[in-house]
Every structure is written in structure tokens, then in C-alpha cells.
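Trainee: Okay, handing you the structure first.
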Amino acid sequence: MTLQMRVYVPDHPLIKHWLTIARDAYTPSALFKTAMKELGCLLTYEATRYWFPMREIQVQTPLAECPATIINPEVPLAVIPILRAGLALLEGAQSLLLSPLVSIYHLGLVRDETTLEASFYLNKLPEKFQPDTRILLLDPMLATGGTMLEAMAALTSRGADPALMRIVSVVTAPPALKKLSEQYPSLNIYTAIIDEGLNSKGYIVPGLGDAGDRTFGT
Ligand code: URA
């Protein structure tokens, strides 16, 4: 049996609602930011369902001892927002992730407007990841896939296992999904929608425009 990358599009009314707000060209920047925060939270909720490492314990209630389950604090958890636009999802994602347990590493990548090639301007990754580290990658738009492929190469060269990663992205497009599935068949992606394709400038159509510009209003 060959392994195939999985792309999940959770069927949730709140995800559909906030996606519509984000898509609307007349949504002001402050509301766009709220939509990204909500989508960051809702998609992270879905993405972490089978991602957290769990541990069985016994707990003493006021009445009796009983079996219980907690998140295993010994397994490292990492969240990686891809700047700039990934920051828009971080606030919502963080509201679900238990902060003392989760490390946040920032990656900054910029796309060349003509070649569409992505390159790093910031890399705060550790030199090495422990092999069992769970990684959540945040980038609202997966268009050509160039940025995410660069990020994945940086992560895997530091020992991160793609099977233990979850990508959270608001809008995804077939070119990015094709490239990622060819190179990383064990990946899991959580997205609000898979759109039709890209325009000649590498923007997703219909998409929602430039997620970084719309979040920060610059
Ligand atoms: N990045 C964005 O912000 N929007 C797109 O449509 C593609 C890449």
C-alpha cells in the first residue's frame, strides 16, 4: 500500500462563515484579522485531534480514583507560523495550545514577485528537532507550494518527521497540494477550502487576496 498525503476540509458552519468574511473584498482589515484568528482556532482544533501525544493516568476525583487521559508533557510540541501571514493564524491556534508545553519557532519567507521563488529572511528553528516532536505549521495560503516546500526542507533537514506534522492553511490550491503530496506523502493538511487555481502572479483564484496585506493593512 502506498502512502498518500491527506487533505482535510472540515465541514463546519463556523469555518464556512469566517472563510466568507475573509474572502469578501469589502471586509475591513480589523474584521479580516478576526476571521483569520477564528479560522486559526477552528482549523487548529480539527488538526490537533489525533496529533497531541496522550498519556493514560489515574486521577483522584473528590469521590473516587478513576482512569484519565492527559497530554503527555514529555513529547515536544512546536508551532511554526510562516511570516508574515502565518501570524494571523497564530493567535487563534495559541488559544488552544497549552502554552508551557508548546514552543513557537518563527520562519520568515518572502516570494520573489517575478520568479515566485521563496527565500528565508528569518529562521528561528532549533538546530535539531527531537524525532518525536509534533509540529503544527501555520500559513493561510498554499498557492504554488514554494514557501511550504522551503519550510519543509528546513524542518526535515533538522530531523522533523512529516508524519508528525499538521499544516493549517485557510485556502489551498492544487499546484501546492500536488507538489507537497509528491514530496511528503505522509503529511496531513487542514484547510477551509481547496480553490480552483492560480493567476499569472501566483495568487489563488478566487482566494482572498494577499493575506498578509489584508491582515496588517500594509
Ligand atoms: N499568498 C497570499 O497571500 N495570497 C495568495 O493568493 C497567494 C499567496
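A note on labels: chains of the C-alpha cells are A, B, ... as shown, every chain counts residues from 1, and ligands are counted from 1 in their shown order.
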Would you kindly return, as an MDAnalysis selection string, each protein, DNA or RNA residue with an atom no farther than 6 Å from any atom of region 23-34 of chain A, considering only C-alpha atoms and excluding same-chain residues fewer than 2 positions away?
Mentor: chainID A and resid 20:21 36:37 208 214:215 217
Trainee: Using only C-alpha atoms and all ligand atoms, what are the residues with an atom within 6 Å of ligand 1, set out as a PDB file with N, CA and C atoms, in the first residue's frame?
Mentor:
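Writing done, so here's pocket.pdb:
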```
ATOM      1  N   MET A 141      -2.166  30.654   3.186  1.00  0.00           N
ATOM      2  CA  MET A 141      -2.352  30.435   1.750  1.00  0.00           C
ATOM      3  C   MET A 141      -1.323  29.428   1.240  1.00  0.00           C
ATOM      4  N   ALA A 143      -0.316  28.307  -2.204  1.00  0.00           N
ATOM      5  CA  ALA A 143      -0.584  28.642  -3.610  1.00  0.00           C
ATOM      6  C   ALA A 143       0.291  27.797  -4.541  1.00  0.00           C
ATOM      7  N   GLY A 202       0.601  34.194  -9.348  1.00  0.00           N
ATOM      8  CA  GLY A 202       0.715  33.211  -8.270  1.00  0.00           C
ATOM      9  C   GLY A 202      -0.289  33.404  -7.152  1.00  0.00           C
ATOM     10  N   TYR A 203      -1.323  34.227  -7.380  1.00  0.00           N
ATOM     11  CA  TYR A 203      -2.375  34.385  -6.373  1.00  0.00           C
ATOM     12  C   TYR A 203      -3.447  33.325  -6.572  1.00  0.00           C
ATOM     13  N   ILE A 204      -4.005  32.866  -5.464  1.00  0.00           N
ATOM     14  CA  ILE A 204      -5.069  31.865  -5.550  1.00  0.00           C
ATOM     15  C   ILE A 204      -6.357  32.538  -6.019  1.00  0.00           C
ATOM     16  N   GLY A 207      -9.668  32.714  -4.084  1.00  0.00           N
ATOM     17  CA  GLY A 207      -8.807  33.084  -2.972  1.00  0.00           C
ATOM     18  C   GLY A 207      -9.379  34.131  -2.056  1.00  0.00           C
ATOM     19  N   GLY A 209      -7.126  37.188  -1.783  1.00  0.00           N
ATOM     20  CA  GLY A 209      -6.156  38.269  -1.963  1.00  0.00           C
ATOM     21  C   GLY A 209      -4.885  37.993  -1.195  1.00  0.00           C
ATOM     22  N   ASP A 210      -4.175  39.056  -0.840  1.00  0.00           N
ATOM     23  CA  ASP A 210      -2.923  38.907  -0.100  1.00  0.00           C
ATOM     24  C   ASP A 210      -3.229  38.869   1.394  1.00  0.00           C
ATOM     25  N   ALA A 211      -3.064  37.688   1.985  1.00  0.00           N
ATOM     26  CA  ALA A 211      -3.470  37.502   3.388  1.00  0.00           C
ATOM     27  C   ALA A 211      -2.656  38.383   4.333  1.00  0.00           C
ATOM     28  N   GLY A 212      -1.373  38.575   4.034  1.00  0.00           N
ATOM     29  CA  GLY A 212      -0.532  39.430   4.888  1.00  0.00           C
ATOM     30  C   GLY A 212      -0.968  40.883   4.801  1.00  0.00           C
TER      31      GLY A 212
END
```
Trainee: List as a list in words the protein and nucleic acid residues near Thr191 (chain A), meaning an atom at most 7 Å away when only C-alpha atoms are counted, but skip any in the same chain fewer than 5 places from it.
Mentor: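 The filter keeps Tyr8, Val9, Leu43, Val168, Ser169, Val170, Val171 and Thr172 of chain A.
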Trainee: Would you mind listing what lies within 8 Å of Thr44 (chain A) as a list in words, with only C-alpha atoms counted and same-chain residues fewer than 6 positions away left out?
Mentor: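 Contacts, in chain order: Gly92, Ala93, Leu96 and Val168 of chain A.
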Trainee: Quick one: residues within 6 Å of region 105-115 of chain A, only C-alpha atoms counted, chain neighbours fewer than 6 positions away excluded, as a VMD selection string?
Mentor: chain A and resid 80 to 83 121 to 125
Trainee: Skip region 54-58 of chain A itself and residues of its chain fewer than 5 positions away, then list as JSON, numbers by chain all residues within 8 Å of it, counting only C-alpha atoms.
Mentor: {"A": [65, 66, 67, 68, 69, 70, 71, 72]}
Trainee: Write out as a PyMOL selection string all residues of region 70-135 of chain A that backbone DSSP assigns to alpha helix (DSSP H).
Mentor: chain A and resi 87-94
Trainee: Determine the nearest neighbour of Thr144 (chain A) from the options A:Arg49, A:Lys179, A:Lys128, A:Arg158, counting only C-alpha atoms.
Mentor: A:Lys179
Trainee: Hey, which of A:Gln130, A:Asn199, A:Thr48, A:Thr218 ends up closest to Leu97 (chain A)? Count only C-alpha atoms.
Mentor: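 Smallest separation from Leu97 (chain A) among the options: A:Thr48.
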